[in-house]
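With mmCIF, C-alpha atoms and all ligand atoms inside, this is model-v9.cif:
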data_my_file
loop_
_atom_site.label_atom_id
_atom_site.label_comp_id
_atom_site.auth_asym_id
_atom_site.auth_seq_id
_atom_site.Cartn_x
_atom_site.Cartn_y
_atom_site.Cartn_z
CA MET A 1 33.24 120.01 253.45
CA ALA A 2 30.78 118.50 251.01
CA ARG A 3 28.07 119.29 253.53
CA LEU A 4 29.19 122.90 253.66
CA LEU A 5 28.97 123.26 249.92
CA SER A 6 25.75 121.34 249.58
CA ASP A 7 24.22 123.51 252.31
CA ALA A 8 25.66 126.72 250.88
CA VAL A 9 22.24 128.13 250.08
CA SER A 10 18.93 127.83 251.85
CA LEU A 11 16.59 125.47 250.04
CA THR A 12 12.84 125.48 249.67
CA GLU A 13 10.85 122.56 251.03
CA SER A 14 10.48 121.02 247.58
CA GLN A 15 14.20 121.51 246.81
CA ARG A 16 15.03 119.65 250.03
CA LEU A 17 12.74 116.80 249.02
CA VAL A 18 14.36 116.58 245.59
CA ARG A 19 17.80 116.55 247.16
CA SER A 20 17.14 113.72 249.55
CA SER A 21 15.26 111.63 247.01
CA VAL A 22 17.88 112.04 244.27
CA ARG A 23 20.70 111.39 246.76
CA ASP A 24 18.94 108.22 247.73
CA VAL A 25 18.84 106.98 244.11
CA CYS A 26 22.49 107.98 243.59
CA SER A 27 23.64 106.14 246.70
CA ASP A 28 23.06 102.80 244.92
CA PHE A 29 25.77 103.71 242.39
CA ASP A 30 29.19 103.81 243.93
CA ARG A 31 32.55 105.02 242.64
CA GLU A 32 33.33 101.62 241.21
CA TYR A 33 30.14 101.73 239.14
CA TRP A 34 31.15 105.04 237.51
CA ARG A 35 34.74 103.91 237.09
CA ARG A 36 33.58 100.82 235.19
CA ARG A 37 31.23 102.86 232.99
CA ALA A 38 34.13 105.17 232.14
CA ALA A 39 36.58 102.33 231.49
CA GLU A 40 34.14 100.43 229.28
CA GLY A 41 32.59 103.51 227.67
CA GLU A 42 29.14 102.12 228.45
CA TYR A 43 26.09 104.31 228.93
CA PRO A 44 24.83 104.06 232.55
CA HIS A 45 21.49 102.41 231.69
CA GLU A 46 20.92 101.10 235.23
CA PHE A 47 21.37 104.56 236.72
CA VAL A 48 19.09 106.24 234.18
CA ASP A 49 16.46 103.51 234.66
CA ALA A 50 16.62 103.99 238.44
CA LEU A 51 16.04 107.74 238.05
CA ALA A 52 13.21 107.06 235.59
CA ASP A 53 11.61 104.54 237.98
CA HIS A 54 11.49 107.28 240.59
CA GLY A 55 9.87 109.65 238.08
CA TRP A 56 12.84 111.99 237.71
CA MET A 57 12.94 111.94 233.90
CA GLY A 58 9.60 113.72 234.08
CA ILE A 59 10.68 116.45 236.51
CA LEU A 60 9.72 119.15 233.99
CA VAL A 61 6.67 117.38 232.58
CA PRO A 62 3.42 118.93 233.88
CA GLU A 63 1.40 116.84 236.32
CA GLU A 64 -1.52 116.58 233.90
CA TYR A 65 0.76 114.45 231.67
CA GLY A 66 1.97 112.31 234.55
CA GLY A 67 5.13 114.28 235.33
CA ALA A 68 6.39 115.93 238.52
CA GLY A 69 5.47 119.41 237.27
CA MET A 70 8.52 121.00 238.84
CA GLY A 71 10.69 123.83 237.55
CA THR A 72 14.23 125.19 237.34
CA GLN A 73 14.58 125.59 241.09
CA GLU A 74 14.13 121.87 241.65
CA THR A 75 16.05 120.85 238.52
CA VAL A 76 19.23 122.70 239.60
CA VAL A 77 19.19 120.65 242.80
CA MET A 78 18.56 117.37 241.01
CA MET A 79 21.35 117.88 238.48
CA GLU A 80 23.87 119.21 240.98
CA GLU A 81 23.27 116.16 243.17
CA ILE A 82 23.61 113.75 240.25
CA ALA A 83 26.98 115.24 239.35
CA ALA A 84 28.17 115.54 242.96
CA ASN A 85 27.35 111.99 244.01
CA GLY A 86 30.03 110.23 242.03
CA GLY A 87 28.85 110.41 238.45
CA GLY A 88 30.27 113.84 237.67
CA PHE A 89 29.28 116.02 234.74
CA SER A 90 29.01 112.93 232.52
CA ALA A 91 26.30 111.38 234.70
CA ALA A 92 24.37 114.63 234.44
CA GLN A 93 24.94 114.65 230.69
CA ALA A 94 23.64 111.09 230.46
CA ILE A 95 20.18 112.36 231.33
CA HIS A 96 20.26 116.07 230.61
CA GLY A 97 18.73 115.74 227.13
CA GLY A 98 16.02 113.41 228.33
CA VAL A 99 14.96 115.99 230.88
CA TYR A 100 15.29 119.12 228.74
CA ASN A 101 13.94 117.91 225.42
CA THR A 102 10.54 117.69 227.07
CA VAL A 103 10.49 121.49 227.34
CA PRO A 104 9.83 122.34 223.65
CA ILE A 105 7.34 119.46 223.50
CA VAL A 106 5.44 120.85 226.49
CA GLU A 107 5.58 124.42 225.18
CA TYR A 108 5.05 123.96 221.46
CA ALA A 109 4.00 120.47 220.34
CA SER A 110 0.44 119.65 219.28
CA GLU A 111 -1.93 118.23 221.90
CA GLU A 112 -1.82 114.86 220.08
CA LEU A 113 1.97 114.65 220.35
CA LYS A 114 1.91 115.74 223.98
CA ASP A 115 -0.76 113.20 224.91
CA GLU A 116 1.08 110.46 223.09
CA LEU A 117 4.59 111.18 224.32
CA LEU A 118 4.75 113.02 227.61
CA PRO A 119 3.18 110.37 229.87
CA ARG A 120 5.54 107.78 228.37
CA VAL A 121 8.55 110.03 228.91
CA ALA A 122 7.45 110.76 232.48
CA ASP A 123 7.30 107.08 233.37
CA GLY A 124 10.56 106.28 231.61
CA GLU A 125 9.06 104.12 228.84
CA THR A 126 10.18 106.46 226.04
CA SER A 127 13.22 108.69 225.79
CA ILE A 128 13.83 111.90 223.88
CA GLN A 129 17.48 112.13 224.78
CA ALA A 130 18.90 113.62 221.57
CA PHE A 131 18.89 117.21 220.33
CA GLY A 132 20.40 117.99 216.95
CA LEU A 133 21.39 121.59 216.29
CA THR A 134 25.17 121.79 215.79
CA GLU A 135 26.55 121.18 212.28
CA PRO A 136 30.05 121.14 210.83
CA ASN A 137 29.57 124.75 209.63
CA ALA A 138 27.32 125.90 212.46
CA GLY A 139 28.46 125.60 216.08
CA SER A 140 28.52 128.87 218.00
CA ASN A 141 26.93 130.45 214.93
CA ALA A 142 23.83 128.26 215.13
CA THR A 143 21.67 130.15 212.62
CA ALA A 144 24.14 129.11 209.89
CA ILE A 145 22.66 125.58 209.89
CA GLU A 146 22.30 124.10 206.42
CA THR A 147 20.21 120.98 207.07
CA ARG A 148 17.05 121.42 204.98
CA ALA A 149 13.49 120.28 205.64
CA GLU A 150 11.16 120.65 202.66
CA HIS A 151 7.41 120.39 202.96
CA ASP A 152 6.04 117.63 200.69
CA GLY A 153 2.32 116.89 201.17
CA ASP A 154 1.77 115.63 204.67
CA GLU A 155 5.46 115.08 205.24
CA TYR A 156 8.76 116.95 205.44
CA VAL A 157 11.80 115.63 203.62
CA ILE A 158 15.03 116.23 205.51
CA ASN A 159 18.55 116.29 204.09
CA GLY A 160 21.75 117.40 205.75
CA GLN A 161 24.36 116.71 208.37
CA LYS A 162 24.68 117.21 212.12
CA VAL A 163 27.73 116.88 214.32
CA TRP A 164 28.26 116.29 218.02
CA THR A 165 24.70 115.02 218.47
CA SER A 166 24.78 113.22 221.82
CA ARG A 167 22.85 110.16 223.04
CA VAL A 168 21.33 109.25 219.65
CA ASP A 169 22.35 105.65 220.43
CA VAL A 170 20.18 105.51 223.57
CA SER A 171 17.20 107.55 222.48
CA ASP A 172 13.87 106.80 220.86
CA TYR A 173 13.52 110.29 219.38
CA ILE A 174 15.63 113.25 218.41
CA VAL A 175 14.50 116.87 218.44
CA LEU A 176 15.99 118.04 215.17
CA VAL A 177 16.48 121.64 214.07
CA ALA A 178 16.50 122.30 210.32
CA ARG A 179 16.04 125.14 207.86
CA THR A 180 12.63 125.23 206.21
CA THR A 181 13.54 128.44 204.35
CA PRO A 182 17.07 128.94 202.99
CA LEU A 183 19.17 131.61 204.71
CA GLU A 184 19.29 133.77 201.57
CA ASP A 185 15.46 133.98 201.49
CA VAL A 186 14.84 135.16 205.07
CA GLU A 187 14.76 138.71 206.41
CA LYS A 188 16.47 137.77 209.64
CA ARG A 189 18.86 134.86 210.01
CA THR A 190 16.91 133.62 213.05
CA ARG A 191 13.86 133.04 210.84
CA GLY A 192 13.13 130.09 208.56
CA ILE A 193 14.33 127.51 211.07
CA SER A 194 11.97 124.78 212.34
CA MET A 195 11.97 122.08 214.96
CA PHE A 196 10.95 118.44 214.37
CA LEU A 197 10.43 115.37 216.43
CA VAL A 198 12.09 112.50 214.61
CA ASP A 199 11.42 108.87 215.44
CA LEU A 200 14.90 107.33 215.26
CA ALA A 201 13.72 103.75 214.66
CA ALA A 202 11.62 104.96 211.72
CA ALA A 203 14.59 106.91 210.35
CA HIS A 204 16.76 103.78 210.47
CA GLU A 205 13.99 101.68 208.88
CA GLN A 206 13.83 104.13 205.97
CA GLY A 207 17.61 103.82 205.57
CA ALA A 208 17.65 107.63 205.74
CA LEU A 209 19.99 108.05 208.69
CA GLU A 210 23.66 107.23 209.00
CA MET A 211 25.56 107.80 212.20
CA GLU A 212 29.15 107.58 213.29
CA ALA A 213 30.42 108.01 216.84
CA ILE A 214 33.03 110.73 217.42
CA PRO A 215 36.00 109.42 219.43
CA LYS A 216 36.61 111.93 222.25
CA SER A 217 38.55 112.40 225.46
CA ALA A 218 35.83 113.34 227.96
CA SER A 219 32.45 111.91 228.95
CA GLU A 220 33.41 108.51 227.62
CA PHE A 221 30.13 106.85 228.59
CA VAL A 222 27.93 109.43 226.85
CA HIS A 223 28.47 109.12 223.13
CA SER A 224 28.25 111.89 220.54
CA PHE A 225 27.72 111.32 216.84
CA GLU A 226 28.01 112.71 213.39
CA LEU A 227 24.69 112.21 211.58
CA TRP A 228 23.78 112.24 207.90
CA PHE A 229 20.15 112.55 206.80
CA ASP A 230 19.34 111.44 203.27
CA ASP A 231 15.72 112.07 202.19
CA LEU A 232 14.39 111.37 205.64
CA ARG A 233 10.58 111.55 205.60
CA VAL A 234 8.97 112.92 208.74
CA PRO A 235 5.19 113.29 209.21
CA ALA A 236 4.18 116.97 209.07
CA ALA A 237 2.40 116.36 212.38
CA ASN A 238 5.84 116.01 213.95
CA LEU A 239 6.65 119.68 213.38
CA ILE A 240 7.09 121.14 216.86
CA GLY A 241 5.50 124.58 217.08
CA VAL A 242 5.38 127.00 214.19
CA GLU A 243 7.22 126.49 210.90
CA GLY A 244 10.00 129.06 210.60
CA GLU A 245 9.94 129.99 214.29
CA GLY A 246 12.04 127.10 215.55
CA PHE A 247 15.01 129.24 216.49
CA SER A 248 13.08 131.43 218.90
CA GLN A 249 11.61 128.21 220.31
CA VAL A 250 15.19 126.95 220.87
CA LEU A 251 16.05 130.20 222.66
CA ASP A 252 12.95 130.06 224.82
CA GLY A 253 13.88 128.39 228.09
CA LEU A 254 17.57 128.42 227.20
CA ASN A 255 18.57 130.64 230.13
CA GLU A 256 16.88 128.38 232.66
CA GLU A 257 18.57 125.37 231.07
CA ARG A 258 21.89 127.21 231.29
CA LEU A 259 21.40 127.62 235.04
CA VAL A 260 20.94 123.88 235.28
CA ILE A 261 24.18 123.34 233.33
CA ALA A 262 25.87 125.66 235.84
CA ALA A 263 24.51 123.45 238.64
CA GLU A 264 25.98 120.37 236.91
CA CYS A 265 29.38 122.11 236.86
CA LEU A 266 28.98 122.91 240.54
CA GLY A 267 28.23 119.27 241.32
CA LEU A 268 31.37 118.19 239.48
CA GLY A 269 33.44 120.79 241.35
CA ARG A 270 32.05 119.58 244.68
CA LEU A 271 32.89 116.01 243.79
CA ALA A 272 36.47 116.88 242.81
CA LEU A 273 36.97 118.93 245.95
CA ASP A 274 35.57 116.16 248.14
CA ARG A 275 38.01 113.67 246.70
CA ALA A 276 40.90 116.10 247.04
CA VAL A 277 40.17 116.84 250.70
CA GLU A 278 39.86 113.13 251.45
CA TYR A 279 43.23 112.43 249.85
CA ALA A 280 44.88 115.50 251.43
CA ASN A 281 43.94 114.18 254.87
CA ASP A 282 44.88 110.55 254.19
CA ARG A 283 48.15 110.91 252.35
CA HIS A 284 51.22 111.35 254.55
CA VAL A 285 54.52 112.64 253.15
CA PHE A 286 57.43 113.81 255.33
CA ASP A 287 55.53 112.31 258.29
CA ARG A 288 52.51 114.60 258.03
CA SER A 289 49.37 114.81 255.99
CA ILE A 290 49.89 116.68 252.73
CA GLY A 291 46.80 118.74 253.62
CA SER A 292 48.76 120.44 256.37
CA ASN A 293 50.86 122.16 253.69
CA GLN A 294 49.42 125.47 252.62
CA ALA A 295 50.52 124.78 249.04
CA ILE A 296 47.94 122.00 249.07
CA GLN A 297 45.39 123.69 251.33
CA HIS A 298 45.09 127.06 249.63
CA PRO A 299 44.16 125.93 246.13
CA LEU A 300 41.47 123.75 247.69
CA ALA A 301 40.19 126.58 249.87
CA GLU A 302 40.22 128.87 246.83
CA ALA A 303 38.27 126.31 244.80
CA TYR A 304 35.75 126.09 247.63
CA ALA A 305 35.30 129.87 247.68
CA ARG A 306 34.82 130.02 243.91
CA LEU A 307 32.30 127.17 243.91
CA GLN A 308 30.46 128.79 246.78
CA ALA A 309 30.20 132.11 244.89
CA ALA A 310 29.04 130.46 241.67
CA LYS A 311 26.48 128.48 243.64
CA GLN A 312 25.03 131.59 245.25
CA LEU A 313 24.57 133.16 241.83
CA THR A 314 23.08 130.04 240.25
CA TYR A 315 20.57 129.32 243.01
CA ASN A 316 19.65 132.95 243.43
CA ALA A 317 18.92 133.22 239.70
CA ALA A 318 16.88 129.99 239.77
CA ALA A 319 14.80 131.43 242.62
CA ARG A 320 14.26 134.68 240.74
CA ALA A 321 13.29 132.76 237.60
CA ALA A 322 10.57 131.07 239.65
CA SER A 323 9.30 134.38 241.04
CA ASP A 324 7.04 136.90 239.30
CA GLU A 325 9.85 139.41 239.36
CA GLU A 326 10.96 140.96 236.06
CA VAL A 327 14.54 139.79 235.76
CA ASP A 328 17.17 139.69 233.01
CA LEU A 329 17.73 135.98 233.32
CA GLY A 330 20.23 135.95 230.43
CA ALA A 331 22.60 138.10 232.47
CA TYR A 332 22.45 135.69 235.40
CA ALA A 333 22.45 132.48 233.40
CA ASN A 334 25.48 133.35 231.27
CA ALA A 335 27.45 134.66 234.25
CA ALA A 336 26.51 131.56 236.29
CA LYS A 337 27.52 129.13 233.57
CA PHE A 338 30.80 130.97 232.99
CA LEU A 339 31.72 131.09 236.69
CA ALA A 340 30.55 127.57 237.50
CA ALA A 341 32.52 126.01 234.63
CA ASP A 342 35.68 127.87 235.65
CA ALA A 343 35.15 127.00 239.32
CA ALA A 344 34.72 123.31 238.42
CA TYR A 345 37.86 123.43 236.29
CA GLU A 346 39.94 124.96 239.08
CA ALA A 347 38.59 122.49 241.63
CA ALA A 348 39.39 119.53 239.36
CA ASP A 349 42.86 120.90 238.57
CA ALA A 350 43.58 121.34 242.29
CA ALA A 351 42.28 117.80 242.92
CA VAL A 352 44.71 116.38 240.37
CA GLN A 353 47.64 118.33 241.86
CA THR A 354 46.71 117.19 245.37
CA HIS A 355 46.93 113.57 244.24
CA GLY A 356 50.49 113.95 242.97
CA GLY A 357 51.31 111.17 240.49
CA PHE A 358 48.07 109.42 241.35
CA GLY A 359 46.29 112.45 239.91
CA VAL A 360 46.56 110.77 236.52
CA ALA A 361 45.77 107.24 237.74
CA THR A 362 42.25 106.26 236.72
CA GLU A 363 41.65 104.49 240.06
CA TYR A 364 41.46 107.86 241.85
CA ASP A 365 38.91 109.30 239.38
CA VAL A 366 40.18 112.88 239.55
CA GLU A 367 41.74 112.70 236.08
CA ARG A 368 38.25 111.93 234.75
CA TYR A 369 36.81 114.87 236.64
CA PHE A 370 39.54 117.07 235.18
CA ARG A 371 38.73 116.03 231.61
CA GLU A 372 35.05 116.63 232.27
CA ALA A 373 35.74 120.01 233.83
CA ARG A 374 37.64 121.00 230.71
CA LEU A 375 34.62 120.03 228.64
CA THR A 376 32.31 122.26 230.71
CA ARG A 377 34.16 125.28 229.34
CA LEU A 378 33.10 124.26 225.83
CA VAL A 379 29.53 123.01 226.11
CA PRO A 380 26.73 123.60 225.56
CA ILE A 381 28.01 127.11 224.96
CA THR A 382 31.67 128.11 225.04
CA GLN A 383 32.94 130.47 227.72
CA GLU A 384 33.61 133.07 225.00
CA LEU A 385 30.04 133.05 223.77
CA ALA A 386 28.74 133.41 227.35
CA LEU A 387 31.01 136.47 227.71
CA ASN A 388 29.83 137.79 224.33
CA TYR A 389 26.30 137.75 225.69
CA LEU A 390 27.31 139.70 228.79
CA GLY A 391 29.43 142.17 226.80
CA GLU A 392 26.70 142.93 224.33
CA ASN A 393 23.45 142.54 226.24
CA VAL A 394 24.45 143.58 229.74
CA LEU A 395 27.33 146.01 229.25
CA GLY A 396 25.99 147.46 226.01
CA LEU A 397 29.21 146.93 224.08
CA PRO A 398 29.18 146.36 220.30
CA ARG A 399 28.13 142.93 219.07
CA SER A 400 31.23 140.98 218.07
CA TYR A 401 29.60 138.27 216.02
C1 LIG A 501 30.85 116.37 224.05
C2 LIG A 501 29.97 117.30 223.28
C3 LIG A 501 28.61 117.06 223.22
C4 LIG A 501 27.78 117.89 222.47
N1 LIG A 501 26.45 117.58 222.36
C5 LIG A 501 25.66 118.30 221.50
C6 LIG A 501 24.31 117.89 221.24
O1 LIG A 501 23.81 116.92 221.82
N2 LIG A 501 23.60 118.61 220.33
C7 LIG A 501 24.11 119.68 219.66
O2 LIG A 501 23.41 120.29 218.86
N3 LIG A 501 25.40 120.08 219.90
C8 LIG A 501 26.17 119.41 220.78
N4 LIG A 501 27.49 119.79 220.99
C9 LIG A 501 28.04 120.92 220.24
C10 LIG A 501 28.37 122.15 221.09
O3 LIG A 501 27.19 122.82 221.43
C11 LIG A 501 29.34 123.01 220.25
O4 LIG A 501 30.57 122.30 220.20
C12 LIG A 501 29.54 124.38 220.83
O5 LIG A 501 28.36 125.14 220.66
C13 LIG A 501 30.69 125.13 220.13
O6 LIG A 501 30.57 125.06 218.74
P1 LIG A 501 31.83 124.59 217.85
O7 LIG A 501 32.38 123.36 218.45
O8 LIG A 501 31.42 124.54 216.43
O9 LIG A 501 32.90 125.75 218.03
P2 LIG A 501 33.10 127.00 217.07
O10 LIG A 501 31.82 127.73 216.92
O11 LIG A 501 33.82 126.55 215.85
O12 LIG A 501 34.09 127.91 217.94
C14 LIG A 501 35.49 127.60 218.05
C15 LIG A 501 36.11 128.56 219.07
O13 LIG A 501 35.99 129.92 218.60
C16 LIG A 501 35.35 130.71 219.58
N5 LIG A 501 34.51 131.72 218.91
C17 LIG A 501 33.76 131.58 217.79
N6 LIG A 501 33.13 132.73 217.49
C18 LIG A 501 33.49 133.63 218.45
C19 LIG A 501 33.16 134.99 218.71
N7 LIG A 501 32.33 135.69 217.94
N8 LIG A 501 33.71 135.58 219.81
C20 LIG A 501 34.55 134.91 220.62
N9 LIG A 501 34.90 133.61 220.41
C21 LIG A 501 34.37 132.99 219.35
C22 LIG A 501 34.49 129.72 220.38
O14 LIG A 501 34.18 130.22 221.67
C23 LIG A 501 35.43 128.52 220.42
O15 LIG A 501 36.38 128.68 221.44
C24 LIG A 501 28.33 118.99 221.78
C25 LIG A 501 29.71 119.24 221.85
C26 LIG A 501 30.53 118.41 222.58
C27 LIG A 501 32.02 118.68 222.61
#
As a first step, turn the structure in this file into structure tokens.
Amino acid sequence: MARLLSDAVSLTESQRLVRSSVRDVCSDFDREYWRRRAAEGEYPHEFVDALADHGWMGILVPEEYGGAGMGTQETVVMMEEIAANGGGFSAAQAIHGGVYNTVPIVEYASEELKDELLPRVADGETSIQAFGLTEPNAGSNATAIETRAEHDGDEYVINGQKVWTSRVDVSDYIVLVARTTPLEDVEKRTRGISMFLVDLAAAHEQGALEMEAIPKSASEFVHSFELWFDDLRVPAANLIGVEGEGFSQVLDGLNEERLVIAAECLGLGRLALDRAVEYANDRHVFDRSIGSNQAIQHPLAEAYARLQAAKQLTYNAAARAASDEEVDLGAYANAAKFLAADAAYEAADAAVQTHGGFGVATEYDVERYFREARLTRLVPITQELALNYLGENVLGLPRSY
């Protein structure tokens, strides 16, 4: 079954290479490893280091900076495999930032910053795992951010608060988004926002950063924080791109990243379905395997069909993104993320039901997959906001926000 889903689409030569190499790394980390990480709430350092040793943290870093120079087509494979091979959505989340935060650096940072950072990220020496956009008063409505960065000589001084910032505890840098011009002074709310690279050790040394972990019910080994910045001084050279244009820089590449998130959901769904089929065959009740009951079989078959459909859309869109074709990637990416998250949720729910009472026992893992699948409907964009995009930009309906 897993083979069927993993072979659901035809892969390019380089996608096949990525798949076998990433599977190989993942095979050293068994179910027990992930179970322990979840029970202890400990970041999977060994797993991330193994991926970094094989160069995978630099998958999107151009070859001239020592990276693999690959694109979305290869990254969807890598992240789906990471999720599908036991680690689930959380394993993908453990490295997602480290992979994707290189994108604005590659596209917009100064040559000095690129030369200094990218080779070190590509060989796993340095990590840029954290991305700080969301604030207590600005989640879905991201342009409402209130964190301020004020230019002061050759520095910026940053004050404000972020929430839900993930992996700050395991990162050397954070890509921080702040307002350089107050909302009331800009023509368009997307203007006046800038992006900074912040050295976290330097921020702590200045005593300008406080952080507090947010207790949560999913992804227990990837921690998210509330952050407070108090007169944090950042060198002006650490501005990424153009002052005031940070929001369009955030949006740039977002659709391709969203396809990768969809692939992570697909990997989680595959994993849940695998476990459910295994249990459905093994468990005997009334002298026959529970999988011979259609009440058990059909939800699993339905989950398979939904995952299969979402996978076709995701991989097709990734292929079109890599082509020269003019394509409305936003339409594909938002639909793919929406469908993949729902498909993962239904697969995980069916996996729990298949396990009967053991569906909530941690030793069978499916309760963890279920909690993670629930999370995929909230992050990095909620299902409602993905539908808002389709309603407004694809169907031409009035903007609702
Ligand atoms: C585990 C986790 C990790 C995260 N990691 C990061 C991170 O590393 N960096 C970062 O910047 N952020 C991170 N986030 C934040 C995440 O991106 C936000 O939670 C998400 O964008 C939703 O914002 P919100 O929670 O403020 O919800 P809100 O914006 O308050 O929305 C609440 C509800 O209202 C709905 N809603 C709001 N407006 C509309 C509308 N116009 N139409 C229809 N429905 C609407 C939403 O869909 C949602 O269901 C993380 C969140 C979680 C849970």
> Taking (37.3, 100.9, 238.8) in the file's coordinates, which residues come within 12 Å, counting all atoms listed in the file, written as a VMD selection string?
Replying inline: chain A and resid 30 to 40 361 to 365 368
Mind checking which residues fall within 10 Å of Ile261 in chain A, counting all atoms listed in the file, ignoring those fewer than 2 positions away in the same chain, and posting them as a PDB file with C-alpha atoms, in the frame of the given file?
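File written: part21.pdb
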ATOM      1  CA  THR A  75      16.050 120.850 238.520  1.00  0.00           C
ATOM      2  CA  VAL A  76      19.230 122.700 239.600  1.00  0.00           C
ATOM      3  CA  MET A  79      21.350 117.880 238.480  1.00  0.00           C
ATOM      4  CA  GLU A  80      23.870 119.210 240.980  1.00  0.00           C
ATOM      5  CA  PHE A  89      29.280 116.020 234.740  1.00  0.00           C
ATOM      6  CA  ALA A  92      24.370 114.630 234.440  1.00  0.00           C
ATOM      7  CA  GLN A  93      24.940 114.650 230.690  1.00  0.00           C
ATOM      8  CA  HIS A  96      20.260 116.070 230.610  1.00  0.00           C
ATOM      9  CA  ASN A 255      18.570 130.640 230.130  1.00  0.00           C
ATOM     10  CA  GLU A 256      16.880 128.380 232.660  1.00  0.00           C
ATOM     11  CA  GLU A 257      18.570 125.370 231.070  1.00  0.00           C
ATOM     12  CA  ARG A 258      21.890 127.210 231.290  1.00  0.00           C
ATOM     13  CA  LEU A 259      21.400 127.620 235.040  1.00  0.00           C
ATOM     14  CA  ALA A 263      24.510 123.450 238.640  1.00  0.00           C
ATOM     15  CA  GLU A 264      25.980 120.370 236.910  1.00  0.00           C
ATOM     16  CA  CYS A 265      29.380 122.110 236.860  1.00  0.00           C
ATOM     17  CA  LEU A 266      28.980 122.910 240.540  1.00  0.00           C
ATOM     18  CA  GLY A 267      28.230 119.270 241.320  1.00  0.00           C
ATOM     19  CA  THR A 314      23.080 130.040 240.250  1.00  0.00           C
ATOM     20  CA  ALA A 333      22.450 132.480 233.400  1.00  0.00           C
ATOM     21  CA  ALA A 336      26.510 131.560 236.290  1.00  0.00           C
ATOM     22  CA  LYS A 337      27.520 129.130 233.570  1.00  0.00           C
ATOM     23  CA  ALA A 340      30.550 127.570 237.500  1.00  0.00           C
ATOM     24  CA  ALA A 341      32.520 126.010 234.630  1.00  0.00           C
ATOM     25  CA  THR A 376      32.310 122.260 230.710  1.00  0.00           C
ATOM     26  CA  VAL A 379      29.530 123.010 226.110  1.00  0.00           C
ATOM     27  CA  PRO A 380      26.730 123.600 225.560  1.00  0.00           C
ATOM     28  CA  ILE A 381      28.010 127.110 224.960  1.00  0.00           C
TER      29      ILE A 381
END
>> Distance limit 8 Å, reference ligand LIG 501 (chain A), atoms considered: only C-alpha atoms and all ligand atoms. Which residues make the cut? Give them as JSON, numbers by chain.
In response: {"A": [97, 130, 131, 132, 133, 134, 135, 136, 137, 138, 139, 140, 141, 142, 162, 163, 164, 165, 166, 167, 216, 218, 219, 223, 224, 375, 378, 379, 380, 381, 382, 383, 384, 385, 388, 400, 401]}
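The residue that comes closest to Phe225 in chain A, out of A:Val48, A:Val170, A:Val250, A:Leu11 and on the basis of all atoms listed in the file, is A:Val170.
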>> Show me, as a list in words, the residues that have an atom within 9 Å of range 200-205 of chain A when counting all atoms listed in the file, minus same-chain residues fewer than 4 positions from it.
In response: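 That gives Val168, Ser171, Asp172, Tyr173, Ile174, Leu209, Glu210, Phe229, Leu232, Arg233 and Val234 of chain A.
Across the model, the gap from CA of Ile82 in chain A to CA of Ala301 in chain A is 23.1 Å.
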> Residues around (38.8, 116.7, 248.0), cut-off 9 Å, counting all atoms listed in the file - what are they as a VMD selection string?
Replying inline: chain A and resid 1 to 2 270 to 281 300 347 350 to 351 354
